[in-house]
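As provided, structure32.cif (mmCIF, C-alpha atoms) reads as follows.
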```cif
data_my_file
loop_
_atom_site.label_atom_id
_atom_site.label_comp_id
_atom_site.auth_asym_id
_atom_site.auth_seq_id
_atom_site.Cartn_x
_atom_site.Cartn_y
_atom_site.Cartn_z
CA MET A 1 0.00 0.00 0.00
CA GLU A 2 1.31 3.42 -0.90
CA TYR A 3 1.50 6.30 1.50
CA LYS A 4 -0.70 9.21 0.44
CA ASP A 5 0.47 12.75 1.11
CA TYR A 6 -2.81 14.47 1.94
CA TYR A 7 -1.10 17.84 2.43
CA ASP A 8 0.33 17.67 -1.05
CA ILE A 9 -3.06 16.68 -2.51
CA ILE A 10 -4.75 19.72 -0.97
CA GLY A 11 -1.69 21.87 -1.76
CA VAL A 12 -0.89 23.19 1.73
CA GLU A 13 2.10 23.06 4.07
CA LYS A 14 2.16 20.51 6.88
CA THR A 15 1.89 23.44 9.28
CA ALA A 16 -1.27 24.80 7.66
CA THR A 17 -4.05 26.02 9.94
CA ALA A 18 -7.56 24.57 9.81
CA ASP A 19 -8.71 27.73 8.00
CA GLU A 20 -6.01 27.42 5.35
CA ILE A 21 -6.96 23.79 4.74
CA LYS A 22 -10.65 24.69 4.50
CA LYS A 23 -9.92 27.44 2.02
CA ALA A 24 -7.63 25.31 -0.15
CA TYR A 25 -10.09 22.42 -0.14
CA ARG A 26 -13.07 24.58 -1.11
CA LYS A 27 -11.18 26.11 -4.00
CA LEU A 28 -10.20 22.69 -5.34
CA ALA A 29 -13.69 21.27 -4.77
CA ARG A 30 -15.18 23.99 -6.97
CA LYS A 31 -12.52 23.43 -9.60
CA TYR A 32 -12.85 19.65 -9.85
CA HIS A 33 -16.52 19.05 -9.09
CA PRO A 34 -17.56 16.44 -11.68
CA ASP A 35 -20.82 18.27 -12.44
CA LEU A 36 -18.85 21.38 -13.40
CA ASN A 37 -15.56 20.06 -14.77
CA LYS A 38 -15.94 17.70 -17.69
CA ASP A 39 -12.34 16.47 -17.82
CA LYS A 40 -12.06 12.74 -17.42
CA GLU A 41 -9.65 13.14 -14.51
CA ALA A 42 -11.90 15.52 -12.59
CA GLU A 43 -13.95 12.90 -10.79
CA GLU A 44 -10.88 11.00 -9.66
CA LYS A 45 -9.27 14.20 -8.46
CA PHE A 46 -12.45 15.29 -6.67
CA LYS A 47 -12.57 12.01 -4.73
CA GLU A 48 -8.91 12.34 -3.84
CA ILE A 49 -9.26 15.85 -2.41
CA GLY A 50 -12.45 14.79 -0.60
CA GLU A 51 -10.54 12.01 1.09
CA ALA A 52 -7.64 14.31 2.00
CA ASN A 53 -10.04 16.90 3.39
CA ASP A 54 -11.92 14.31 5.41
CA VAL A 55 -8.71 13.50 7.27
CA LEU A 56 -7.13 16.95 7.50
CA SER A 57 -10.31 18.79 8.53
CA ASP A 58 -10.92 16.44 11.46
CA PRO A 59 -8.49 17.25 14.30
CA GLU A 60 -8.53 13.66 15.58
CA LYS A 61 -7.76 12.10 12.23
CA ARG A 62 -5.24 14.76 11.35
CA ALA A 63 -3.32 14.18 14.56
CA ALA A 64 -3.29 10.44 13.98
CA TYR A 65 -2.22 10.90 10.36
CA ASP A 66 0.58 13.31 11.34
CA GLU A 67 1.94 10.99 13.99
CA LEU A 68 1.86 8.04 11.66
CA GLY A 69 3.22 9.75 8.59
CA GLN A 70 6.24 11.55 10.00
CA ASN A 71 8.74 9.42 8.14
CA TYR A 72 6.86 8.74 4.95
CA GLN A 73 6.77 10.36 1.54
CA ALA A 74 4.03 10.09 -1.08
CA GLY A 75 4.12 6.85 -3.02
CA GLN A 76 6.32 5.04 -0.50
CA ASP A 77 5.26 1.59 0.55
CA PHE A 78 3.26 1.98 3.71
CA ARG A 79 2.14 -0.44 6.40
CA PRO A 80 0.37 0.80 9.51
CA PRO A 81 1.75 -0.75 12.69
CA PRO A 82 -0.65 -3.23 14.32
CA ASN A 83 -3.16 -1.60 16.67
CA TRP A 84 -1.68 1.79 15.85
CA ASP A 85 -4.99 3.49 16.51
CA GLN A 86 -5.67 2.09 19.94
CA ASP A 87 -4.69 5.29 21.71
CA PHE A 88 -6.76 7.53 19.53
CA GLU A 89 -10.31 8.42 20.16
CA PHE A 90 -12.49 8.60 17.08
CA SER A 91 -15.92 10.08 17.30
CA GLY A 92 -17.08 7.57 14.74
CA ARG A 93 -18.88 9.84 12.37
CA PRO A 94 -18.08 10.79 8.83
CA SER A 95 -16.90 14.35 9.21
CA GLY A 96 -17.04 16.09 5.84
CA PRO A 97 -20.27 17.21 4.20
CA ASN A 98 -19.63 14.78 1.38
CA ALA A 99 -17.91 12.03 3.27
CA GLN A 100 -18.65 8.78 1.52
CA PRO A 101 -15.98 6.46 2.82
CA GLU A 102 -16.90 3.72 0.36
CA ASP A 103 -15.35 5.92 -2.34
CA PHE A 104 -12.07 6.38 -0.52
CA SER A 105 -8.79 4.61 -1.09
CA ASP A 106 -7.53 1.54 0.73
CA PHE A 107 -5.01 3.77 2.43
CA PHE A 108 -7.85 5.70 4.04
CA GLU A 109 -9.85 2.54 4.64
CA ASP A 110 -6.98 0.93 6.51
CA LEU A 111 -6.38 3.92 8.72
CA PHE A 112 -9.79 5.32 9.51
CA ALA A 113 -12.81 3.58 8.12
CA LYS A 114 -12.23 0.23 9.84
CA ALA A 115 -11.75 1.91 13.18
CA GLN A 116 -15.04 3.71 12.71
CA ARG A 117 -16.89 0.59 11.74
CA GLN A 118 -15.58 -1.33 14.72
CA GLN A 119 -16.79 1.39 17.01
CA HIS A 120 -20.18 1.45 15.36
CA GLY A 121 -20.37 -2.28 15.85
CA THR A 122 -19.81 -2.12 19.59
CA GLN A 123 -22.03 0.90 20.06
CA GLN A 124 -24.93 -0.62 18.28
CA GLN A 125 -24.91 -4.16 19.59
CA GLY A 126 -28.34 -5.69 19.31
CA GLY A 127 -29.64 -2.66 17.54
CA HIS A 128 -29.67 -1.88 13.84
CA ARG A 129 -27.05 -3.71 11.91
CA GLN A 130 -25.61 -2.78 8.53
CA ALA A 131 -27.42 -5.70 6.89
CA ASP A 132 -30.83 -4.33 7.87
CA PHE A 133 -30.23 -1.19 5.87
CA ASN A 134 -31.60 -1.28 2.35
CA ALA A 135 -31.21 1.53 -0.16
CA LYS A 136 -30.87 2.02 -3.87
CA GLY A 137 -27.27 2.16 -5.09
CA GLN A 138 -25.72 5.38 -6.36
CA ASP A 139 -26.36 6.47 -9.91
CA HIS A 140 -23.33 6.67 -12.17
CA HIS A 141 -22.82 9.19 -14.96
CA ALA A 142 -20.74 9.15 -18.13
CA ARG A 143 -20.54 11.07 -21.40
CA ILE A 144 -20.52 9.39 -24.79
CA ILE A 145 -19.89 10.84 -28.23
CA ILE A 146 -22.02 9.61 -31.11
CA ASP A 147 -22.43 10.43 -34.81
CA LEU A 148 -25.19 12.83 -35.74
CA ASP A 149 -26.40 10.20 -38.20
CA ASP A 150 -27.03 7.78 -35.33
CA SER A 151 -29.57 10.20 -33.95
CA PHE A 152 -31.37 10.31 -37.30
CA THR A 153 -31.82 6.62 -37.75
CA GLY A 154 -31.36 5.22 -34.28
CA ALA A 155 -28.50 2.74 -33.87
CA LYS A 156 -26.95 0.04 -31.76
CA ARG A 157 -23.46 0.87 -30.56
CA GLN A 158 -20.91 -0.82 -28.40
CA ILE A 159 -19.28 1.65 -26.04
CA THR A 160 -16.32 1.28 -23.71
CA LEU A 161 -16.28 3.27 -20.50
CA LYS A 162 -13.26 3.86 -18.33
CA VAL A 163 -14.07 3.32 -14.68
CA PRO A 164 -11.58 4.57 -12.08
CA GLU A 165 -11.09 1.98 -9.37
CA PHE A 166 -8.78 1.67 -6.46
CA ALA A 167 -6.25 -1.12 -6.94
CA PRO A 168 -5.13 -3.17 -3.92
CA ASP A 169 -1.99 -1.02 -3.64
CA GLY A 170 -4.05 2.17 -3.26
CA HIS A 171 -3.38 3.42 -6.78
CA VAL A 172 -6.25 4.57 -8.91
CA GLN A 173 -6.43 2.44 -12.03
CA LEU A 174 -8.78 2.59 -14.97
CA LYS A 175 -10.90 -0.47 -15.65
CA HIS A 176 -12.57 -0.86 -19.04
CA ARG A 177 -16.20 -1.76 -19.22
CA THR A 178 -17.98 -2.55 -22.47
CA LEU A 179 -21.71 -2.05 -22.89
CA ASP A 180 -24.19 -2.48 -25.74
CA VAL A 181 -26.33 0.62 -26.02
CA SER A 182 -29.32 1.34 -28.21
CA ILE A 183 -29.13 4.92 -29.43
CA PRO A 184 -32.76 5.97 -29.75
CA LYS A 185 -33.87 7.86 -32.86
CA GLY A 186 -34.06 11.60 -32.25
CA VAL A 187 -31.67 11.78 -29.31
CA ARG A 188 -30.11 15.23 -28.92
CA GLU A 189 -26.96 16.68 -27.50
CA GLY A 190 -27.17 17.02 -23.74
CA GLN A 191 -29.84 14.38 -23.33
CA ASN A 192 -29.27 11.35 -21.16
CA ILE A 193 -29.79 7.69 -21.89
CA ARG A 194 -30.54 5.67 -18.81
CA LEU A 195 -29.26 2.11 -18.46
CA LYS A 196 -31.28 0.69 -15.62
CA LYS A 197 -29.39 -1.01 -12.79
CA GLN A 198 -25.96 -0.42 -14.36
CA GLY A 199 -24.81 1.97 -11.62
CA ALA A 200 -23.32 1.16 -8.22
CA PRO A 201 -24.64 -1.92 -6.39
CA GLY A 202 -27.39 -1.31 -3.84
CA TYR A 203 -27.03 -1.51 -0.08
CA GLY A 204 -28.62 -4.53 1.56
CA LYS A 205 -31.58 -5.57 -0.54
CA GLY A 206 -31.68 -2.23 -2.35
CA GLU A 207 -31.60 -2.15 -6.13
CA PRO A 208 -28.46 -1.12 -8.03
CA GLY A 209 -28.33 2.48 -9.17
CA ASP A 210 -28.70 3.51 -12.80
CA LEU A 211 -26.06 4.52 -15.32
CA PHE A 212 -26.77 7.78 -17.15
CA LEU A 213 -25.03 8.43 -20.46
CA GLU A 214 -24.97 12.06 -21.56
CA ILE A 215 -24.97 12.46 -25.34
CA SER A 216 -22.53 14.61 -27.33
CA PHE A 217 -22.22 14.69 -31.11
CA LYS A 218 -19.02 14.17 -33.04
CA PRO A 219 -18.38 17.18 -35.30
CA HIS A 220 -20.14 16.51 -38.61
CA LYS A 221 -18.66 17.31 -42.04
CA PHE A 222 -21.66 19.42 -43.09
CA TYR A 223 -24.02 20.06 -40.21
CA HIS A 224 -23.82 21.33 -36.71
CA ALA A 225 -26.61 20.90 -34.18
CA GLU A 226 -28.17 23.36 -31.79
CA GLY A 227 -30.83 21.55 -29.83
CA VAL A 228 -33.12 19.88 -32.37
CA ASP A 229 -32.13 22.29 -35.15
CA LEU A 230 -29.35 21.72 -37.66
CA TYR A 231 -27.28 24.32 -39.51
CA LEU A 232 -25.67 23.86 -42.91
CA ASP A 233 -23.36 26.31 -44.67
CA LEU A 234 -24.31 26.17 -48.34
CA PRO A 235 -22.01 27.74 -50.96
CA VAL A 236 -23.91 29.49 -53.78
CA THR A 237 -22.76 31.39 -56.89
CA PRO A 238 -23.24 35.17 -57.03
CA TRP A 239 -25.83 34.78 -59.80
CA GLU A 240 -27.80 32.17 -57.83
CA ALA A 241 -27.92 34.60 -54.91
CA ALA A 242 -28.77 37.61 -57.12
CA LEU A 243 -31.28 36.04 -59.49
CA GLY A 244 -32.75 33.43 -57.19
CA GLY A 245 -33.74 29.93 -58.26
CA LYS A 246 -34.04 26.35 -57.24
CA ILE A 247 -30.93 24.49 -56.05
CA LYS A 248 -30.30 21.07 -54.54
CA VAL A 249 -29.42 20.82 -50.83
CA PRO A 250 -28.17 17.75 -48.93
CA THR A 251 -30.11 16.93 -45.74
CA PRO A 252 -29.56 13.97 -43.42
CA GLY A 253 -32.80 12.52 -44.83
CA GLY A 254 -31.74 12.93 -48.48
CA VAL A 255 -31.33 15.65 -51.12
CA VAL A 256 -34.14 18.24 -51.35
CA ASP A 257 -34.86 21.26 -53.56
CA LEU A 258 -34.54 24.71 -52.01
CA ASN A 259 -35.92 27.92 -53.45
CA ILE A 260 -33.47 30.81 -53.20
CA PRO A 261 -35.22 34.19 -53.25
CA ALA A 262 -33.79 36.78 -55.64
CA ASN A 263 -31.35 39.34 -54.12
CA SER A 264 -30.30 37.05 -51.27
CA LYS A 265 -27.40 38.42 -49.26
CA GLN A 266 -24.34 36.63 -47.91
CA GLY A 267 -25.24 34.78 -44.70
CA ARG A 268 -28.99 34.70 -45.40
CA LYS A 269 -30.66 31.98 -43.36
CA LEU A 270 -33.28 29.82 -45.05
CA ARG A 271 -35.38 27.34 -43.13
CA LEU A 272 -36.24 23.80 -44.22
CA LYS A 273 -39.03 23.01 -41.81
CA GLY A 274 -38.90 19.66 -40.04
CA ARG A 275 -35.60 18.63 -41.66
CA GLY A 276 -33.70 18.79 -38.36
CA ILE A 277 -33.41 16.09 -35.71
CA PRO A 278 -36.49 13.82 -35.56
CA ALA A 279 -38.81 14.36 -32.61
CA LYS A 280 -42.50 14.78 -31.86
CA VAL A 281 -41.99 18.31 -33.17
CA PRO A 282 -38.95 17.73 -35.39
CA GLY A 283 -36.23 20.35 -35.56
CA ASP A 284 -35.58 22.53 -38.61
CA LEU A 285 -32.62 22.59 -40.96
CA PHE A 286 -31.28 26.12 -41.41
CA VAL A 287 -29.36 26.69 -44.61
CA VAL A 288 -26.90 29.59 -44.37
CA LEU A 289 -25.96 30.97 -47.78
CA GLN A 290 -22.25 31.46 -48.39
CA ILE A 291 -21.62 33.36 -51.61
CA ALA A 292 -18.60 31.94 -53.43
CA LEU A 293 -16.81 34.13 -56.00
CA PRO A 294 -15.57 32.53 -59.21
CA PRO A 295 -11.83 33.21 -59.60
CA ALA A 296 -10.78 35.68 -62.30
CA ASN A 297 -8.04 33.44 -63.68
CA ASP A 298 -8.74 33.56 -67.41
CA GLU A 299 -9.54 36.25 -69.96
CA LYS A 300 -13.22 35.41 -70.13
CA ALA A 301 -13.78 35.68 -66.39
CA LYS A 302 -11.80 38.93 -66.23
CA GLU A 303 -13.89 40.33 -69.05
CA ILE A 304 -17.13 39.57 -67.23
CA TYR A 305 -15.91 41.20 -64.02
CA GLU A 306 -14.73 44.25 -65.99
CA THR A 307 -18.13 44.53 -67.66
CA MET A 308 -19.82 44.41 -64.26
CA ALA A 309 -17.51 47.10 -62.97
CA LYS A 310 -18.40 49.32 -65.90
CA GLU A 311 -22.11 48.60 -66.15
CA LEU A 312 -23.25 48.25 -62.52
CA ASP A 313 -23.67 51.27 -60.28
CA PHE A 314 -22.68 49.52 -57.06
CA ASN A 315 -20.69 50.88 -54.12
CA PRO A 316 -20.61 48.47 -51.19
CA ARG A 317 -18.74 51.07 -49.08
CA SER A 318 -21.19 53.94 -49.49
CA HIS A 319 -22.28 53.63 -45.83
CA LEU A 320 -18.63 54.26 -44.82
CA GLY A 321 -18.79 57.63 -46.57
CA ILE A 322 -16.22 56.66 -49.19
CA GLY A 323 -16.63 57.04 -52.93
CA LEU A 324 -15.40 54.48 -55.43
CA MET B 1 -30.40 -4.01 -22.80
CA ASN B 2 -33.18 -2.21 -21.04
CA ASN B 3 -32.81 1.49 -21.68
CA ASP B 4 -34.76 4.57 -22.59
CA VAL B 5 -34.07 8.18 -23.51
CA LEU B 6 -34.64 10.84 -20.99
CA ASN B 7 -36.53 13.19 -23.17
CA ASN B 8 -38.69 16.08 -22.23
CA GLN B 9 -41.89 14.11 -22.11
CA GLU B 10 -43.48 14.86 -18.79
CA THR B 11 -44.82 11.60 -17.45
CA LEU B 12 -43.67 11.49 -13.81
CA THR B 13 -45.77 12.57 -10.85
CA LEU B 14 -44.37 14.31 -7.79
CA ASP B 15 -44.51 10.96 -5.95
CA ASP B 16 -42.48 9.28 -8.71
CA VAL B 17 -39.81 11.97 -8.47
CA CYS B 18 -39.68 11.70 -4.66
CA GLU B 19 -39.03 7.99 -4.97
CA ASN B 20 -36.45 8.48 -7.74
CA CYS B 21 -34.40 11.13 -5.94
CA GLY B 22 -35.08 10.01 -2.38
CA LEU B 23 -36.27 13.53 -1.48
CA ASN B 24 -39.34 15.00 0.07
CA LYS B 25 -41.93 17.02 -1.81
CA GLU B 26 -40.97 20.37 -0.29
CA THR B 27 -37.38 20.04 -1.52
CA ILE B 28 -38.49 19.23 -5.04
CA MET B 29 -41.01 22.08 -5.07
CA THR B 30 -38.17 24.42 -4.07
CA TYR B 31 -36.53 23.76 -7.44
CA VAL B 32 -39.80 24.35 -9.25
CA GLN B 33 -40.13 27.69 -7.47
CA GLU B 34 -36.50 28.60 -8.15
CA GLY B 35 -37.22 28.03 -11.84
CA LEU B 36 -34.67 25.23 -12.34
CA ILE B 37 -37.35 23.26 -14.15
CA GLU B 38 -40.48 24.23 -16.03
CA VAL B 39 -43.19 21.72 -15.24
CA SER B 40 -46.60 21.32 -16.78
CA ASN B 41 -49.93 20.22 -15.34
CA ASP B 42 -52.03 17.24 -16.41
CA SER B 43 -55.76 17.48 -17.04
CA SER B 44 -56.58 17.19 -13.33
CA GLY B 45 -54.12 19.90 -12.33
CA HIS B 46 -51.29 17.67 -11.01
CA ILE B 47 -47.73 18.68 -11.77
CA LEU B 48 -45.83 16.41 -14.15
CA PHE B 49 -42.06 16.03 -14.42
CA SER B 50 -39.81 14.59 -17.10
CA GLN B 51 -36.84 12.32 -16.46
CA PHE B 52 -34.59 15.12 -17.64
CA HIS B 53 -35.92 17.19 -14.73
CA VAL B 54 -34.91 14.42 -12.33
CA VAL B 55 -31.34 14.50 -13.66
CA LEU B 56 -31.22 18.29 -13.20
CA ILE B 57 -32.53 18.09 -9.63
CA GLN B 58 -29.94 15.45 -8.77
CA LYS B 59 -27.17 17.63 -10.19
CA ALA B 60 -28.37 20.60 -8.14
CA ILE B 61 -28.43 18.50 -4.96
CA ARG B 62 -24.91 17.17 -5.53
CA LEU B 63 -23.63 20.72 -6.04
CA GLU B 64 -25.34 21.94 -2.86
CA ARG B 65 -23.98 19.09 -0.80
CA ASP B 66 -20.44 19.23 -2.14
CA LEU B 67 -19.97 22.99 -2.45
CA ARG B 68 -22.26 24.13 0.39
CA LEU B 69 -24.65 26.04 -1.83
CA ASN B 70 -28.29 26.83 -1.31
CA PRO B 71 -30.92 26.06 -3.98
CA ALA B 72 -30.75 29.58 -5.43
CA GLY B 73 -26.98 29.19 -5.80
CA SER B 74 -27.04 25.75 -7.39
CA VAL B 75 -29.72 26.84 -9.86
CA LEU B 76 -27.60 29.83 -10.84
CA VAL B 77 -24.52 27.60 -11.25
CA LEU B 78 -26.43 25.21 -13.51
CA GLU B 79 -27.84 28.04 -15.62
CA LEU B 80 -24.42 29.61 -16.07
CA THR B 81 -22.83 26.25 -16.85
CA ALA B 82 -25.42 25.65 -19.57
CA GLN B 83 -24.68 29.07 -21.05
CA ILE B 84 -20.94 28.40 -21.02
CA ASP B 85 -21.46 25.01 -22.71
CA ALA B 86 -23.56 26.61 -25.44
CA LEU B 87 -20.93 29.31 -26.01
CA LYS B 88 -18.12 26.75 -26.11
CA ASN B 89 -20.05 24.77 -28.72
CA LYS B 90 -20.50 27.87 -30.86
CA LEU B 91 -16.83 28.78 -30.46
CA LYS B 92 -15.74 25.28 -31.46
CA TYR B 93 -17.91 25.52 -34.54
CA PHE B 94 -16.48 28.87 -35.62
CA GLU B 95 -12.92 27.76 -34.96
CA ARG B 96 -13.45 24.76 -37.18
CA GLN B 97 -14.90 26.97 -39.85
CA ASN B 98 -11.89 29.26 -39.78
CA GLN B 99 -9.49 26.39 -40.27
CA GLU B 100 -11.20 25.29 -43.47
#
```

Can I see the file as structure tokens?
Amino acid sequence: MEYKDYYDIIGVEKTATADEIKKAYRKLARKYHPDLNKDKEAEEKFKEIGEANDVLSDPEKRAAYDELGQNYQAGQDFRPPPNWDQDFEFSGRPSGPNAQPEDFSDFFEDLFAKAQRQQHGTQQQGGHRQADFNAKGQDHHARIIIDLDDSFTGAKRQITLKVPEFAPDGHVQLKHRTLDVSIPKGVREGQNIRLKKQGAPGYGKGEPGDLFLEISFKPHKFYHAEGVDLYLDLPVTPWEAALGGKIKVPTPGGVVDLNIPANSKQGRKLRLKGRGIPAKVPGDLFVVLQIALPPANDEKAKEIYETMAKELDFNPRSHLGIGL
Amino acid sequence: MNNDVLNNQETLTLDDVCENCGLNKETIMTYVQEGLIEVSNDSSGHILFSQFHVVLIQKAIRLERDLRLNPAGSVLVLELTAQIDALKNKLKYFERQNQE
């Protein structure tokens, strides 16, 4: 088992006051809270600082930890002496607001959690025992990235999740877990798929928790999604934009005809109703016109541009107060 | 595998949500009053929740517990986080466009 340097984890000196520890912990907790920080390492880190804070914020545990750890450095092989805790008095309650000792490392477990459980056992003889307590297991959360097309048609996908677990030596290691998931038609970014009973095991006779998968889309070659709506940048020629007309547009459901009104400007947004992500009220596909200029590489093209320059009375900079 | 999407269809009663989150009715109604979730009423006037609402309430409760917030604070955090996510998405899109 490796020795954990809780002071280093929180980022304070060994001589830090309780206030300094509180302040440092709160800052890190905000930074790494898994609901706010979407990095894969955030959850692991959040658990680690929670464990460190649980020990350092409790004067009894901190004193015991200090006494024990005098000669150790982080990562060193660590073995607590037998009955090391016999002279310490533990109040036998989880101290932090988010103390969930089942999430903590073996290092913590060996030092503190067992002592607490033993005390509970003797205090509660004949009364409630752990086995009488039934509750639903914790829900687990993960994010998965799918193709936009999967949302259009629905799909079956095999996904692999990395689950941080504490190895016997106290290290956090990543375990791979493979699941078959049905991606339902019409799922959108930010929605959750629930896999029933795939979360943490229940307590006692309680049911396991659920696993929630939050959906993100892989960037698509053509489209990008905002809610149920899709956006497509569509290049058009200057004459298509100026004269209007019917052109063909790709949509995830197939090619459709789109009417371009005459005198359309660069960036004009045209709506194809119901061509977005499928739903009870399907989203729309917004086509954003991007006017592409033909290059003036040959004599013919140059001639046409020169004719336009001569024949058209057009000053795009008139609103800047500048003449041609 | 047994799974379903958590869409915005409001099919859960207040009792269902209590059971799902392990919370009492007052706590859940706090989030309705804070405006974290917009609920609708069924024909007999009962409030209905969607599963997406349940996920939001659970997030708010975790934030309150872990960061010592009150409901008004956690609702604000979740609203701001959603705004930041939307902006990041837009930014990513425009950055990709500029590279092309």

- Query: Near chain A, which residues of chain B fall within 12 Å when you count only C-alpha atoms, and what do they look like as a PyMOL selection string?
  - Reply: chain B and resi 1-9+19-22+50-56+58-69+74+77-82+84-87+89-97+100

With C-alpha atoms kept, could you save the residues just selected as a PDB file, in the frame of the given file?
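Listing of again.pdb after writing:
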```pdb
ATOM      1  CA  MET B   1     -30.400  -4.010 -22.800  1.00  0.00           C
ATOM      2  CA  ASN B   2     -33.180  -2.210 -21.040  1.00  0.00           C
ATOM      3  CA  ASN B   3     -32.810   1.490 -21.680  1.00  0.00           C
ATOM      4  CA  ASP B   4     -34.760   4.570 -22.590  1.00  0.00           C
ATOM      5  CA  VAL B   5     -34.070   8.180 -23.510  1.00  0.00           C
ATOM      6  CA  LEU B   6     -34.640  10.840 -20.990  1.00  0.00           C
ATOM      7  CA  ASN B   7     -36.530  13.190 -23.170  1.00  0.00           C
ATOM      8  CA  ASN B   8     -38.690  16.080 -22.230  1.00  0.00           C
ATOM      9  CA  GLN B   9     -41.890  14.110 -22.110  1.00  0.00           C
ATOM     10  CA  GLU B  19     -39.030   7.990  -4.970  1.00  0.00           C
ATOM     11  CA  ASN B  20     -36.450   8.480  -7.740  1.00  0.00           C
ATOM     12  CA  CYS B  21     -34.400  11.130  -5.940  1.00  0.00           C
ATOM     13  CA  GLY B  22     -35.080  10.010  -2.380  1.00  0.00           C
ATOM     14  CA  SER B  50     -39.810  14.590 -17.100  1.00  0.00           C
ATOM     15  CA  GLN B  51     -36.840  12.320 -16.460  1.00  0.00           C
ATOM     16  CA  PHE B  52     -34.590  15.120 -17.640  1.00  0.00           C
ATOM     17  CA  HIS B  53     -35.920  17.190 -14.730  1.00  0.00           C
ATOM     18  CA  VAL B  54     -34.910  14.420 -12.330  1.00  0.00           C
ATOM     19  CA  VAL B  55     -31.340  14.500 -13.660  1.00  0.00           C
ATOM     20  CA  LEU B  56     -31.220  18.290 -13.200  1.00  0.00           C
ATOM     21  CA  GLN B  58     -29.940  15.450  -8.770  1.00  0.00           C
ATOM     22  CA  LYS B  59     -27.170  17.630 -10.190  1.00  0.00           C
ATOM     23  CA  ALA B  60     -28.370  20.600  -8.140  1.00  0.00           C
ATOM     24  CA  ILE B  61     -28.430  18.500  -4.960  1.00  0.00           C
ATOM     25  CA  ARG B  62     -24.910  17.170  -5.530  1.00  0.00           C
ATOM     26  CA  LEU B  63     -23.630  20.720  -6.040  1.00  0.00           C
ATOM     27  CA  GLU B  64     -25.340  21.940  -2.860  1.00  0.00           C
ATOM     28  CA  ARG B  65     -23.980  19.090  -0.800  1.00  0.00           C
ATOM     29  CA  ASP B  66     -20.440  19.230  -2.140  1.00  0.00           C
ATOM     30  CA  LEU B  67     -19.970  22.990  -2.450  1.00  0.00           C
ATOM     31  CA  ARG B  68     -22.260  24.130   0.390  1.00  0.00           C
ATOM     32  CA  LEU B  69     -24.650  26.040  -1.830  1.00  0.00           C
ATOM     33  CA  SER B  74     -27.040  25.750  -7.390  1.00  0.00           C
ATOM     34  CA  VAL B  77     -24.520  27.600 -11.250  1.00  0.00           C
ATOM     35  CA  LEU B  78     -26.430  25.210 -13.510  1.00  0.00           C
ATOM     36  CA  GLU B  79     -27.840  28.040 -15.620  1.00  0.00           C
ATOM     37  CA  LEU B  80     -24.420  29.610 -16.070  1.00  0.00           C
ATOM     38  CA  THR B  81     -22.830  26.250 -16.850  1.00  0.00           C
ATOM     39  CA  ALA B  82     -25.420  25.650 -19.570  1.00  0.00           C
ATOM     40  CA  ILE B  84     -20.940  28.400 -21.020  1.00  0.00           C
ATOM     41  CA  ASP B  85     -21.460  25.010 -22.710  1.00  0.00           C
ATOM     42  CA  ALA B  86     -23.560  26.610 -25.440  1.00  0.00           C
ATOM     43  CA  LEU B  87     -20.930  29.310 -26.010  1.00  0.00           C
ATOM     44  CA  ASN B  89     -20.050  24.770 -28.720  1.00  0.00           C
ATOM     45  CA  LYS B  90     -20.500  27.870 -30.860  1.00  0.00           C
ATOM     46  CA  LEU B  91     -16.830  28.780 -30.460  1.00  0.00           C
ATOM     47  CA  LYS B  92     -15.740  25.280 -31.460  1.00  0.00           C
ATOM     48  CA  TYR B  93     -17.910  25.520 -34.540  1.00  0.00           C
ATOM     49  CA  PHE B  94     -16.480  28.870 -35.620  1.00  0.00           C
ATOM     50  CA  GLU B  95     -12.920  27.760 -34.960  1.00  0.00           C
ATOM     51  CA  ARG B  96     -13.450  24.760 -37.180  1.00  0.00           C
ATOM     52  CA  GLN B  97     -14.900  26.970 -39.850  1.00  0.00           C
ATOM     53  CA  GLU B 100     -11.200  25.290 -43.470  1.00  0.00           C
TER      54      GLU B 100
END
```

- Message: Residue by residue, what does the PyMOL selection byres ((chain A and resi 270) around 6) grab here? Present the result as a list in words.
- Response: Lys269, Arg271, Phe286 and Val287 of chain A

- For the file shown, what are the residues hit by the PyMOL selection byres ((chain A and resi 293) around 10), laid out as a ChimeraX atom specification? /A:235-239,290-292,294-296

- Message: What does the structure give for the distance between CA of Val256 in chain A and CA of Ala241 in chain A, in Å to one decimal?
- Response: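 Between these atoms lies a distance of 17.9 Å.
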
Would you place a box with edges along x, y and z of the file around all atoms of range 51-62 of chain B listed there, add 3 Å to each of its six sides, and report the centre and edge lengths in Å to one decimal, as JSON?
```
{"center_x": -30.9, "center_y": 16.5, "center_z": -11.3, "size_x": 17.9, "size_y": 14.3, "size_z": 18.7}
```

- Message: Under the PyMOL selection byres ((chain A and resi 148) around 8), which residues of this model are included? Write them out as a ChimeraX atom specification.
- Response: /A:146-147,149-152,217-218,220

- Query: With all atoms listed in the file as the atoms that count, which of B:Leu48, B:Val75, B:Ile57, B:Leu23 lies nearest to Glu10 in chain B?
  - Reply: B:Leu48

- Note on the structure: Taken to one decimal, the CA of Gln138 in chain A-CA of Lys25 in chain B distance is 20.5 Å

- What is the distance, in Å and to one decimal place, between CA of Pro208 in chain A and CA of Asn70 in chain B? 28.7 Å

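If all atoms listed in the file are the atoms counted, then among B:Thr27, B:Phe49, B:Ser40, B:Gln83 the closest residue to Thr13 in chain B is B:Phe49.
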
- Item | Nearby residues (all atoms listed in the file) at most 12 Å from Glu26 in chain B, same-chain spacing under 4 positions excluded, as number ranges by chain | B: 14-15, 17-18, 30-33
